[in-house]
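A.B. asks: File follows, coords_11.cif with mmCIF, N, CA and C atoms:
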```
data_data
#
loop_
_atom_site.label_atom_id
_atom_site.label_comp_id
_atom_site.auth_asym_id
_atom_site.auth_seq_id
_atom_site.Cartn_x
_atom_site.Cartn_y
_atom_site.Cartn_z
N MET A 1 -7.35 88.18 -21.64
CA MET A 1 -8.44 88.21 -22.58
C MET A 1 -9.25 89.49 -22.34
N ALA A 2 -9.51 90.26 -23.35
CA ALA A 2 -10.24 91.51 -23.22
C ALA A 2 -11.72 91.24 -23.00
N ARG A 3 -12.30 92.01 -22.10
CA ARG A 3 -13.73 91.89 -21.82
C ARG A 3 -14.52 92.59 -22.92
N THR A 4 -15.54 91.94 -23.43
CA THR A 4 -16.39 92.61 -24.40
C THR A 4 -17.43 93.42 -23.65
N ASN A 5 -17.86 94.49 -24.25
CA ASN A 5 -18.82 95.37 -23.61
C ASN A 5 -20.22 95.04 -24.13
N CYS A 6 -20.70 93.84 -23.79
CA CYS A 6 -22.03 93.41 -24.19
C CYS A 6 -23.05 94.00 -23.21
N PRO A 7 -24.24 94.28 -23.68
CA PRO A 7 -25.25 94.86 -22.80
C PRO A 7 -25.61 93.93 -21.64
N VAL A 8 -25.50 94.43 -20.44
CA VAL A 8 -26.01 93.78 -19.25
C VAL A 8 -27.09 94.73 -18.74
N LEU A 9 -28.34 94.32 -18.91
CA LEU A 9 -29.46 95.20 -18.65
C LEU A 9 -30.28 94.69 -17.48
N VAL A 10 -30.73 95.64 -16.66
CA VAL A 10 -31.62 95.32 -15.56
C VAL A 10 -32.84 96.21 -15.70
N GLU A 11 -34.00 95.59 -15.90
CA GLU A 11 -35.23 96.36 -16.01
C GLU A 11 -35.85 96.53 -14.63
N VAL A 12 -36.25 97.76 -14.33
CA VAL A 12 -36.91 98.09 -13.07
C VAL A 12 -38.25 98.73 -13.42
N THR A 13 -39.33 98.11 -12.98
CA THR A 13 -40.67 98.60 -13.24
C THR A 13 -41.37 98.87 -11.93
N TYR A 14 -41.98 100.04 -11.83
CA TYR A 14 -42.76 100.39 -10.64
C TYR A 14 -43.88 101.32 -11.07
N LYS A 15 -45.09 100.92 -10.72
CA LYS A 15 -46.30 101.65 -11.12
C LYS A 15 -46.26 101.86 -12.63
N ASN A 16 -46.33 103.11 -13.08
CA ASN A 16 -46.32 103.39 -14.53
C ASN A 16 -44.92 103.67 -15.07
N MET A 17 -43.88 103.40 -14.29
CA MET A 17 -42.51 103.75 -14.67
C MET A 17 -41.72 102.49 -15.05
N ARG A 18 -40.92 102.63 -16.13
CA ARG A 18 -40.00 101.56 -16.53
C ARG A 18 -38.62 102.15 -16.76
N PHE A 19 -37.64 101.53 -16.15
CA PHE A 19 -36.25 101.98 -16.28
C PHE A 19 -35.39 100.79 -16.70
N LEU A 20 -34.31 101.11 -17.37
CA LEU A 20 -33.32 100.12 -17.74
C LEU A 20 -31.98 100.62 -17.21
N ILE A 21 -31.36 99.83 -16.34
CA ILE A 21 -30.06 100.19 -15.77
C ILE A 21 -29.01 99.30 -16.44
N THR A 22 -27.93 99.92 -16.88
CA THR A 22 -26.88 99.16 -17.55
C THR A 22 -25.52 99.80 -17.32
N HIS A 23 -24.49 99.07 -17.65
CA HIS A 23 -23.16 99.68 -17.65
C HIS A 23 -23.01 100.49 -18.93
N ASN A 24 -21.93 101.22 -19.02
CA ASN A 24 -21.79 102.16 -20.13
C ASN A 24 -21.37 101.51 -21.44
N PRO A 25 -22.07 101.88 -22.52
CA PRO A 25 -21.64 101.42 -23.85
C PRO A 25 -20.38 102.18 -24.29
N THR A 26 -19.77 101.66 -25.32
CA THR A 26 -18.66 102.35 -25.99
C THR A 26 -19.06 102.48 -27.46
N ASN A 27 -18.28 103.21 -28.22
CA ASN A 27 -18.56 103.30 -29.66
C ASN A 27 -18.57 101.93 -30.31
N VAL A 28 -17.73 101.02 -29.83
CA VAL A 28 -17.64 99.67 -30.40
C VAL A 28 -18.90 98.86 -30.08
N SER A 29 -19.43 99.00 -28.88
CA SER A 29 -20.57 98.17 -28.46
C SER A 29 -21.93 98.86 -28.60
N LEU A 30 -21.95 100.10 -29.02
CA LEU A 30 -23.18 100.87 -29.03
C LEU A 30 -24.29 100.24 -29.87
N ASN A 31 -23.96 99.65 -31.01
CA ASN A 31 -24.99 99.01 -31.84
C ASN A 31 -25.75 97.93 -31.07
N LYS A 32 -25.03 97.14 -30.27
CA LYS A 32 -25.67 96.10 -29.47
C LYS A 32 -26.62 96.74 -28.45
N PHE A 33 -26.15 97.81 -27.82
CA PHE A 33 -26.98 98.50 -26.83
C PHE A 33 -28.22 99.10 -27.47
N ILE A 34 -28.05 99.73 -28.62
CA ILE A 34 -29.18 100.37 -29.30
C ILE A 34 -30.26 99.33 -29.62
N LYS A 35 -29.85 98.16 -30.09
CA LYS A 35 -30.82 97.10 -30.38
C LYS A 35 -31.60 96.73 -29.13
N LYS A 36 -30.89 96.59 -28.02
CA LYS A 36 -31.56 96.26 -26.75
C LYS A 36 -32.44 97.41 -26.29
N PHE A 37 -31.95 98.63 -26.40
CA PHE A 37 -32.75 99.80 -25.98
C PHE A 37 -34.05 99.87 -26.78
N LYS A 38 -33.97 99.63 -28.08
CA LYS A 38 -35.17 99.66 -28.91
C LYS A 38 -36.15 98.56 -28.49
N LYS A 39 -35.63 97.39 -28.18
CA LYS A 39 -36.48 96.28 -27.74
C LYS A 39 -37.27 96.65 -26.49
N TYR A 40 -36.65 97.39 -25.59
CA TYR A 40 -37.30 97.78 -24.33
C TYR A 40 -38.08 99.08 -24.44
N GLY A 41 -38.06 99.73 -25.60
CA GLY A 41 -38.80 100.98 -25.76
C GLY A 41 -38.14 102.20 -25.16
N VAL A 42 -36.82 102.17 -25.06
CA VAL A 42 -36.08 103.30 -24.50
C VAL A 42 -36.19 104.50 -25.44
N THR A 43 -36.59 105.63 -24.89
CA THR A 43 -36.66 106.88 -25.66
C THR A 43 -35.66 107.91 -25.15
N THR A 44 -35.16 107.69 -23.94
CA THR A 44 -34.21 108.62 -23.33
C THR A 44 -33.15 107.83 -22.57
N ILE A 45 -31.90 108.24 -22.75
CA ILE A 45 -30.79 107.68 -21.99
C ILE A 45 -30.21 108.81 -21.14
N VAL A 46 -30.00 108.52 -19.86
CA VAL A 46 -29.35 109.49 -18.98
C VAL A 46 -27.97 108.94 -18.67
N ARG A 47 -26.95 109.68 -19.13
CA ARG A 47 -25.56 109.31 -18.83
C ARG A 47 -25.15 110.07 -17.58
N VAL A 48 -24.72 109.34 -16.58
CA VAL A 48 -24.31 109.97 -15.33
C VAL A 48 -22.80 109.82 -15.11
N ARG A 49 -22.11 109.60 -16.19
CA ARG A 49 -20.64 109.52 -16.16
C ARG A 49 -20.11 110.14 -17.44
N GLU A 50 -18.82 110.23 -17.54
CA GLU A 50 -18.19 110.82 -18.72
C GLU A 50 -18.59 110.02 -19.96
N ALA A 51 -18.70 110.71 -21.07
CA ALA A 51 -19.11 110.09 -22.32
C ALA A 51 -18.09 109.05 -22.79
N THR A 52 -18.61 107.90 -23.20
CA THR A 52 -17.75 106.84 -23.75
C THR A 52 -18.18 106.48 -25.18
N TYR A 53 -19.14 107.25 -25.70
CA TYR A 53 -19.62 106.99 -27.06
C TYR A 53 -20.23 108.25 -27.64
N ASP A 54 -20.30 108.27 -28.94
CA ASP A 54 -20.92 109.36 -29.68
C ASP A 54 -22.43 109.15 -29.67
N THR A 55 -23.19 110.19 -29.39
CA THR A 55 -24.64 110.07 -29.27
C THR A 55 -25.37 110.02 -30.61
N ALA A 56 -24.69 110.24 -31.72
CA ALA A 56 -25.34 110.34 -33.03
C ALA A 56 -26.15 109.11 -33.39
N LEU A 57 -25.64 107.91 -33.11
CA LEU A 57 -26.37 106.69 -33.45
C LEU A 57 -27.67 106.60 -32.67
N GLY A 58 -27.63 106.91 -31.40
CA GLY A 58 -28.84 106.90 -30.59
C GLY A 58 -29.85 107.91 -31.08
N GLU A 59 -29.38 109.11 -31.37
CA GLU A 59 -30.27 110.17 -31.86
C GLU A 59 -30.89 109.77 -33.21
N LYS A 60 -30.11 109.09 -34.03
CA LYS A 60 -30.62 108.61 -35.33
C LYS A 60 -31.77 107.63 -35.12
N GLU A 61 -31.74 106.91 -34.03
CA GLU A 61 -32.78 105.93 -33.69
C GLU A 61 -33.85 106.53 -32.78
N ASP A 62 -33.90 107.87 -32.71
CA ASP A 62 -34.88 108.58 -31.87
C ASP A 62 -34.73 108.29 -30.39
N ILE A 63 -33.51 108.09 -29.95
CA ILE A 63 -33.21 107.93 -28.54
C ILE A 63 -32.39 109.15 -28.11
N HIS A 64 -32.98 109.95 -27.24
CA HIS A 64 -32.35 111.19 -26.79
C HIS A 64 -31.39 110.88 -25.65
N VAL A 65 -30.20 111.47 -25.69
CA VAL A 65 -29.18 111.24 -24.66
C VAL A 65 -28.97 112.51 -23.86
N LEU A 66 -29.09 112.39 -22.54
CA LEU A 66 -28.85 113.51 -21.63
C LEU A 66 -27.60 113.23 -20.82
N ASP A 67 -26.75 114.21 -20.67
CA ASP A 67 -25.54 114.08 -19.86
C ASP A 67 -25.75 114.78 -18.53
N TRP A 68 -25.95 113.99 -17.47
CA TRP A 68 -26.16 114.52 -16.13
C TRP A 68 -25.14 113.86 -15.20
N LEU A 69 -23.92 114.33 -15.26
CA LEU A 69 -22.82 113.73 -14.53
C LEU A 69 -22.82 114.12 -13.05
N PHE A 70 -22.48 113.14 -12.22
CA PHE A 70 -22.14 113.42 -10.83
C PHE A 70 -21.13 112.38 -10.36
N ASP A 71 -20.39 112.72 -9.32
CA ASP A 71 -19.26 111.91 -8.88
C ASP A 71 -19.70 110.60 -8.23
N ASP A 72 -18.87 109.57 -8.38
CA ASP A 72 -19.09 108.29 -7.71
C ASP A 72 -19.19 108.53 -6.21
N GLY A 73 -20.18 107.92 -5.58
CA GLY A 73 -20.31 108.01 -4.14
C GLY A 73 -20.92 109.32 -3.64
N ALA A 74 -21.11 110.27 -4.53
CA ALA A 74 -21.70 111.56 -4.15
C ALA A 74 -23.17 111.57 -4.56
N PRO A 75 -23.97 112.34 -3.85
CA PRO A 75 -25.36 112.44 -4.29
C PRO A 75 -25.45 113.37 -5.50
N PRO A 76 -26.50 113.19 -6.30
CA PRO A 76 -26.73 114.15 -7.38
C PRO A 76 -27.11 115.51 -6.77
N SER A 77 -26.84 116.56 -7.49
CA SER A 77 -27.18 117.90 -6.99
C SER A 77 -28.70 118.05 -6.89
N ASN A 78 -29.14 119.01 -6.10
CA ASN A 78 -30.57 119.29 -5.98
C ASN A 78 -31.17 119.61 -7.35
N GLN A 79 -30.42 120.37 -8.15
CA GLN A 79 -30.88 120.71 -9.50
C GLN A 79 -31.08 119.46 -10.35
N MET A 80 -30.12 118.53 -10.27
CA MET A 80 -30.22 117.30 -11.04
C MET A 80 -31.40 116.46 -10.56
N VAL A 81 -31.60 116.38 -9.26
CA VAL A 81 -32.74 115.62 -8.73
C VAL A 81 -34.04 116.21 -9.25
N GLY A 82 -34.16 117.52 -9.22
CA GLY A 82 -35.35 118.17 -9.75
C GLY A 82 -35.55 117.92 -11.23
N ASP A 83 -34.46 118.03 -11.99
CA ASP A 83 -34.53 117.77 -13.43
C ASP A 83 -34.92 116.32 -13.71
N TRP A 84 -34.33 115.40 -12.96
CA TRP A 84 -34.61 113.98 -13.12
C TRP A 84 -36.09 113.68 -12.84
N LEU A 85 -36.58 114.15 -11.70
CA LEU A 85 -37.97 113.87 -11.35
C LEU A 85 -38.94 114.52 -12.33
N SER A 86 -38.58 115.67 -12.84
CA SER A 86 -39.40 116.33 -13.85
C SER A 86 -39.41 115.50 -15.14
N LEU A 87 -38.24 115.02 -15.56
CA LEU A 87 -38.15 114.17 -16.74
C LEU A 87 -39.02 112.93 -16.58
N VAL A 88 -38.91 112.27 -15.44
CA VAL A 88 -39.68 111.05 -15.18
C VAL A 88 -41.18 111.34 -15.26
N LYS A 89 -41.60 112.39 -14.61
CA LYS A 89 -43.03 112.74 -14.61
C LYS A 89 -43.54 113.02 -16.02
N ILE A 90 -42.79 113.82 -16.76
CA ILE A 90 -43.20 114.20 -18.12
C ILE A 90 -43.18 113.00 -19.07
N LYS A 91 -42.07 112.24 -19.07
CA LYS A 91 -41.94 111.11 -20.01
C LYS A 91 -43.04 110.07 -19.80
N PHE A 92 -43.28 109.69 -18.55
CA PHE A 92 -44.25 108.63 -18.32
C PHE A 92 -45.69 109.13 -18.43
N HIS A 93 -45.88 110.43 -18.41
CA HIS A 93 -47.21 110.99 -18.68
C HIS A 93 -47.45 111.08 -20.19
N GLU A 94 -46.46 111.61 -20.91
CA GLU A 94 -46.60 111.82 -22.36
C GLU A 94 -46.39 110.55 -23.17
N GLU A 95 -45.56 109.64 -22.68
CA GLU A 95 -45.26 108.39 -23.39
C GLU A 95 -45.38 107.22 -22.41
N PRO A 96 -46.59 106.83 -22.06
CA PRO A 96 -46.80 105.84 -21.00
C PRO A 96 -46.07 104.50 -21.20
N ASP A 97 -45.77 104.12 -22.43
CA ASP A 97 -45.11 102.85 -22.66
C ASP A 97 -43.60 102.96 -22.83
N CYS A 98 -43.07 104.15 -22.61
CA CYS A 98 -41.63 104.34 -22.82
C CYS A 98 -40.82 103.77 -21.66
N CYS A 99 -39.53 103.76 -21.86
CA CYS A 99 -38.57 103.31 -20.87
C CYS A 99 -37.43 104.32 -20.86
N ILE A 100 -36.94 104.64 -19.68
CA ILE A 100 -35.78 105.52 -19.54
C ILE A 100 -34.59 104.67 -19.13
N ALA A 101 -33.51 104.77 -19.87
CA ALA A 101 -32.29 104.03 -19.54
C ALA A 101 -31.32 104.95 -18.81
N GLY A 102 -30.59 104.36 -17.90
CA GLY A 102 -29.53 105.08 -17.20
C GLY A 102 -28.31 104.19 -17.14
N HIS A 103 -27.16 104.78 -17.32
CA HIS A 103 -25.95 103.96 -17.20
C HIS A 103 -24.81 104.74 -16.60
N CYS A 104 -23.94 103.97 -16.01
CA CYS A 104 -22.74 104.49 -15.37
C CYS A 104 -21.70 103.37 -15.44
N VAL A 105 -20.62 103.50 -14.71
CA VAL A 105 -19.65 102.42 -14.64
C VAL A 105 -20.31 101.32 -13.82
N ALA A 106 -20.27 100.10 -14.29
CA ALA A 106 -20.93 98.99 -13.59
C ALA A 106 -20.51 98.96 -12.13
N ARG A 107 -21.53 98.80 -11.28
CA ARG A 107 -21.38 98.62 -9.83
C ARG A 107 -21.07 99.92 -9.09
N LEU A 108 -21.16 101.09 -9.72
CA LEU A 108 -20.84 102.32 -9.00
C LEU A 108 -22.05 103.19 -8.70
N GLU A 109 -23.23 102.63 -8.75
CA GLU A 109 -24.43 103.15 -8.12
C GLU A 109 -25.12 104.37 -8.70
N ARG A 110 -24.53 105.14 -9.56
CA ARG A 110 -25.16 106.41 -9.93
C ARG A 110 -26.51 106.24 -10.62
N ALA A 111 -26.62 105.41 -11.62
CA ALA A 111 -27.90 105.20 -12.30
C ALA A 111 -28.93 104.58 -11.35
N PRO A 112 -28.58 103.57 -10.55
CA PRO A 112 -29.56 103.03 -9.61
C PRO A 112 -30.06 104.05 -8.59
N VAL A 113 -29.22 104.99 -8.21
CA VAL A 113 -29.66 106.05 -7.29
C VAL A 113 -30.77 106.88 -7.93
N LEU A 114 -30.63 107.23 -9.19
CA LEU A 114 -31.68 108.00 -9.86
C LEU A 114 -32.98 107.20 -9.93
N VAL A 115 -32.88 105.93 -10.24
CA VAL A 115 -34.08 105.09 -10.30
C VAL A 115 -34.72 105.01 -8.91
N ALA A 116 -33.91 104.85 -7.88
CA ALA A 116 -34.45 104.81 -6.51
C ALA A 116 -35.18 106.11 -6.17
N LEU A 117 -34.62 107.24 -6.58
CA LEU A 117 -35.30 108.52 -6.34
C LEU A 117 -36.66 108.56 -7.01
N ALA A 118 -36.76 108.02 -8.21
CA ALA A 118 -38.03 108.02 -8.93
C ALA A 118 -39.07 107.15 -8.23
N VAL A 119 -38.67 105.97 -7.77
CA VAL A 119 -39.65 105.11 -7.11
C VAL A 119 -40.04 105.66 -5.73
N ILE A 120 -39.11 106.34 -5.06
CA ILE A 120 -39.45 107.01 -3.80
C ILE A 120 -40.45 108.13 -4.07
N GLU A 121 -40.23 108.88 -5.12
CA GLU A 121 -41.18 109.93 -5.51
C GLU A 121 -42.53 109.31 -5.86
N GLY A 122 -42.51 108.08 -6.33
CA GLY A 122 -43.74 107.34 -6.63
C GLY A 122 -44.37 106.72 -5.39
N GLU A 123 -43.93 107.16 -4.23
CA GLU A 123 -44.50 106.82 -2.92
C GLU A 123 -44.03 105.50 -2.33
N MET A 124 -42.92 104.97 -2.82
CA MET A 124 -42.33 103.81 -2.16
C MET A 124 -41.46 104.33 -1.02
N LYS A 125 -41.47 103.66 0.11
CA LYS A 125 -40.65 104.07 1.25
C LYS A 125 -39.17 103.89 0.90
N TYR A 126 -38.33 104.76 1.49
CA TYR A 126 -36.89 104.75 1.19
C TYR A 126 -36.28 103.36 1.32
N LYS A 127 -36.46 102.72 2.49
CA LYS A 127 -35.84 101.41 2.71
C LYS A 127 -36.37 100.37 1.72
N ASP A 128 -37.65 100.46 1.41
CA ASP A 128 -38.22 99.54 0.43
C ASP A 128 -37.62 99.78 -0.96
N ALA A 129 -37.40 101.06 -1.30
CA ALA A 129 -36.83 101.39 -2.61
C ALA A 129 -35.41 100.84 -2.73
N VAL A 130 -34.62 100.98 -1.68
CA VAL A 130 -33.25 100.46 -1.70
C VAL A 130 -33.27 98.95 -1.88
N GLN A 131 -34.13 98.27 -1.12
CA GLN A 131 -34.24 96.82 -1.23
C GLN A 131 -34.73 96.40 -2.61
N PHE A 132 -35.70 97.15 -3.13
CA PHE A 132 -36.27 96.88 -4.46
C PHE A 132 -35.19 96.93 -5.54
N ILE A 133 -34.36 97.97 -5.51
CA ILE A 133 -33.28 98.11 -6.49
C ILE A 133 -32.24 97.01 -6.28
N ARG A 134 -31.90 96.72 -5.03
CA ARG A 134 -30.92 95.67 -4.76
C ARG A 134 -31.38 94.32 -5.27
N GLN A 135 -32.67 94.04 -5.18
CA GLN A 135 -33.19 92.77 -5.68
C GLN A 135 -33.02 92.66 -7.19
N LYS A 136 -33.15 93.79 -7.88
CA LYS A 136 -33.04 93.81 -9.33
C LYS A 136 -31.59 93.81 -9.79
N ARG A 137 -30.76 94.56 -9.06
CA ARG A 137 -29.35 94.73 -9.45
C ARG A 137 -28.52 94.54 -8.19
N HIS A 138 -28.18 93.30 -7.91
CA HIS A 138 -27.52 92.92 -6.67
C HIS A 138 -26.29 93.79 -6.36
N GLY A 139 -26.23 94.27 -5.13
CA GLY A 139 -25.07 95.02 -4.68
C GLY A 139 -25.15 96.52 -4.91
N GLU A 140 -26.23 97.00 -5.53
CA GLU A 140 -26.34 98.42 -5.83
C GLU A 140 -26.99 99.17 -4.68
N VAL A 141 -26.72 100.42 -4.60
CA VAL A 141 -27.27 101.38 -3.66
C VAL A 141 -26.76 101.13 -2.26
N SER A 142 -25.79 101.92 -1.84
CA SER A 142 -25.24 101.82 -0.49
C SER A 142 -26.23 102.37 0.52
N SER A 143 -26.19 101.83 1.69
CA SER A 143 -27.08 102.32 2.76
C SER A 143 -26.49 103.55 3.39
#
```
Take the structure in the file and write it out as structure tokens.

C.D. replies:
Amino acid sequence: MARTNCPVLVEVTYKNMRFLITHNPTNVSLNKFIKKFKKYGVTTIVRVREATYDTALGEKEDIHVLDWLFDDGAPPSNQMVGDWLSLVKIKFHEEPDCCIAGHCVARLERAPVLVALAVIEGEMKYKDAVQFIRQKRHGEVSS
């Protein structure tokens, strides 16, 4: 039986920041994801894996898609970390009620790592940030 690609969303909120972590949509499932993204106020999606869908539908709904790929199990580059933290700072300052979504292959940690970096930058201790993400999305973020 083929698995359907229904949205499995995990909301992570810390201070003034809201993130949505999910597995990757496909062109077939994108409409379902867009509905959920709109419900949560997502204005930006960060793809940290190869594209599995056309961004046109998201852009039509005023959801900007950024492609910031990095390898499974590898850390994001220093440039990507800087770009990510800059995005987080700007988005939550300019659009306080927005949400940033991140997705990768389910259970492969890339999107949760970016969220952990943001909450650490928000002054949460490293170990607390890892535990915080794990509580929201069980099994994510390797020690």

A.B. asks: So, with only N, CA and C atoms as the atoms that count, which of A:Met124, A:Ala74, A:Val42, A:Ile34 lies closest to A:Asp97?

C.D. replies: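 Counting only N, CA and C atoms, the residue closest to A:Asp97 is A:Val42.
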
A.B. asks: Figure out the distance between atom CA of A:Lys38 and atom N of A:Leu85, please, to one decimal in Å.

C.D. replies: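 Interatomic distance, atom N of A:Leu85 to atom CA of A:Lys38: 22.5 Å.
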
A.B. asks: I'd like to see the residues matched by the PyMOL selection byres ((chain A and resi 54) around 8) on this file, and ideally I'd get them as a PDB file with N, CA and C atoms, in the frame of the given file.

C.D. replies:
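Written output follows (selection.pdb):
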```pdb
ATOM      1  N   PRO A  25     -22.070 101.880 -22.520  1.00  0.00           N
ATOM      2  CA  PRO A  25     -21.640 101.420 -23.850  1.00  0.00           C
ATOM      3  C   PRO A  25     -20.380 102.180 -24.290  1.00  0.00           C
ATOM      4  N   THR A  26     -19.770 101.660 -25.320  1.00  0.00           N
ATOM      5  CA  THR A  26     -18.660 102.350 -25.990  1.00  0.00           C
ATOM      6  C   THR A  26     -19.060 102.480 -27.460  1.00  0.00           C
ATOM      7  N   ASN A  27     -18.280 103.210 -28.220  1.00  0.00           N
ATOM      8  CA  ASN A  27     -18.560 103.300 -29.660  1.00  0.00           C
ATOM      9  C   ASN A  27     -18.570 101.930 -30.310  1.00  0.00           C
ATOM     10  N   VAL A  28     -17.730 101.020 -29.830  1.00  0.00           N
ATOM     11  CA  VAL A  28     -17.640  99.670 -30.400  1.00  0.00           C
ATOM     12  C   VAL A  28     -18.900  98.860 -30.080  1.00  0.00           C
ATOM     13  N   LEU A  30     -21.950 100.100 -29.020  1.00  0.00           N
ATOM     14  CA  LEU A  30     -23.180 100.870 -29.030  1.00  0.00           C
ATOM     15  C   LEU A  30     -24.290 100.240 -29.870  1.00  0.00           C
ATOM     16  N   ALA A  51     -18.700 110.710 -21.070  1.00  0.00           N
ATOM     17  CA  ALA A  51     -19.110 110.090 -22.320  1.00  0.00           C
ATOM     18  C   ALA A  51     -18.090 109.050 -22.790  1.00  0.00           C
ATOM     19  N   THR A  52     -18.610 107.900 -23.200  1.00  0.00           N
ATOM     20  CA  THR A  52     -17.750 106.840 -23.750  1.00  0.00           C
ATOM     21  C   THR A  52     -18.180 106.480 -25.180  1.00  0.00           C
ATOM     22  N   TYR A  53     -19.140 107.250 -25.700  1.00  0.00           N
ATOM     23  CA  TYR A  53     -19.620 106.990 -27.060  1.00  0.00           C
ATOM     24  C   TYR A  53     -20.230 108.250 -27.640  1.00  0.00           C
ATOM     25  N   THR A  55     -23.190 110.190 -29.390  1.00  0.00           N
ATOM     26  CA  THR A  55     -24.640 110.070 -29.270  1.00  0.00           C
ATOM     27  C   THR A  55     -25.370 110.020 -30.610  1.00  0.00           C
ATOM     28  N   ALA A  56     -24.690 110.240 -31.720  1.00  0.00           N
ATOM     29  CA  ALA A  56     -25.340 110.340 -33.030  1.00  0.00           C
ATOM     30  C   ALA A  56     -26.150 109.110 -33.390  1.00  0.00           C
ATOM     31  N   LEU A  57     -25.640 107.910 -33.110  1.00  0.00           N
ATOM     32  CA  LEU A  57     -26.370 106.690 -33.450  1.00  0.00           C
ATOM     33  C   LEU A  57     -27.670 106.600 -32.670  1.00  0.00           C
ATOM     34  N   GLY A  58     -27.630 106.910 -31.400  1.00  0.00           N
ATOM     35  CA  GLY A  58     -28.840 106.900 -30.590  1.00  0.00           C
ATOM     36  C   GLY A  58     -29.850 107.910 -31.080  1.00  0.00           C
ATOM     37  N   GLU A  59     -29.380 109.110 -31.370  1.00  0.00           N
ATOM     38  CA  GLU A  59     -30.270 110.170 -31.860  1.00  0.00           C
ATOM     39  C   GLU A  59     -30.890 109.770 -33.210  1.00  0.00           C
TER      40      GLU A  59
END
```

A.B. asks: Give me, as JSON, numbers by chain, the residues of chain A that a backbone DSSP run labels strand (DSSP E or B).

C.D. replies: {"A": [9, 10, 11, 12, 13, 14, 17, 18, 19, 20, 21, 22, 23, 42, 43, 44, 45, 46, 47, 64, 65, 66, 67, 99, 100, 101, 102, 103, 104]}

A.B. asks: Can you measure atom N of A:Val115 to atom N of A:His64 for me? One decimal in Å is fine.

C.D. replies: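 It comes out at 17.5 Å.
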
A.B. asks: So what do you get for atom C of A:Ala129 versus atom C of A:Pro112, distance-wise?

C.D. replies: 8.6 Å

A.B. asks: My list of candidates is A:His93, A:His103, A:Arg110, A:Lys127. Which is closest to A:Thr22 when distances are computed with all atoms listed in the file?

C.D. replies: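 Once distances to A:Thr22 are computed over all atoms listed in the file, the minimum belongs to A:His103.
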
A.B. asks: Would you mind listing, for every residue of stretch 35-138 of chain A within 8 Å of stretch 6-15 of chain A, the two atoms forming the shortest contact and the distance between them in Å to one decimal, using only N, CA and C atoms, sorted by chain and ascending residue number, as a tab-separated table?

C.D. replies:
```
residue	atom	partner	partner_atom	distance
A:Lys36	CA	A:Pro7	CA	7.6
A:Val119	CA	A:Tyr14	CA	6.7
A:Gly122	CA	A:Tyr14	C	7.5
A:Phe132	C	A:Val12	CA	7.8
A:Ile133	CA	A:Val12	CA	7.5
A:Lys136	C	A:Val10	CA	6.0
A:Arg137	CA	A:Val10	CA	6.5
```

A.B. asks: Kindly indicate which residue among A:Glu61, A:Asn24, A:Leu87, A:Pro76 lies nearest to A:Val113, using only C-alpha atoms for the distances.

C.D. replies: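 Answer, going by the shortest atom-to-atom distance: A:Pro76.
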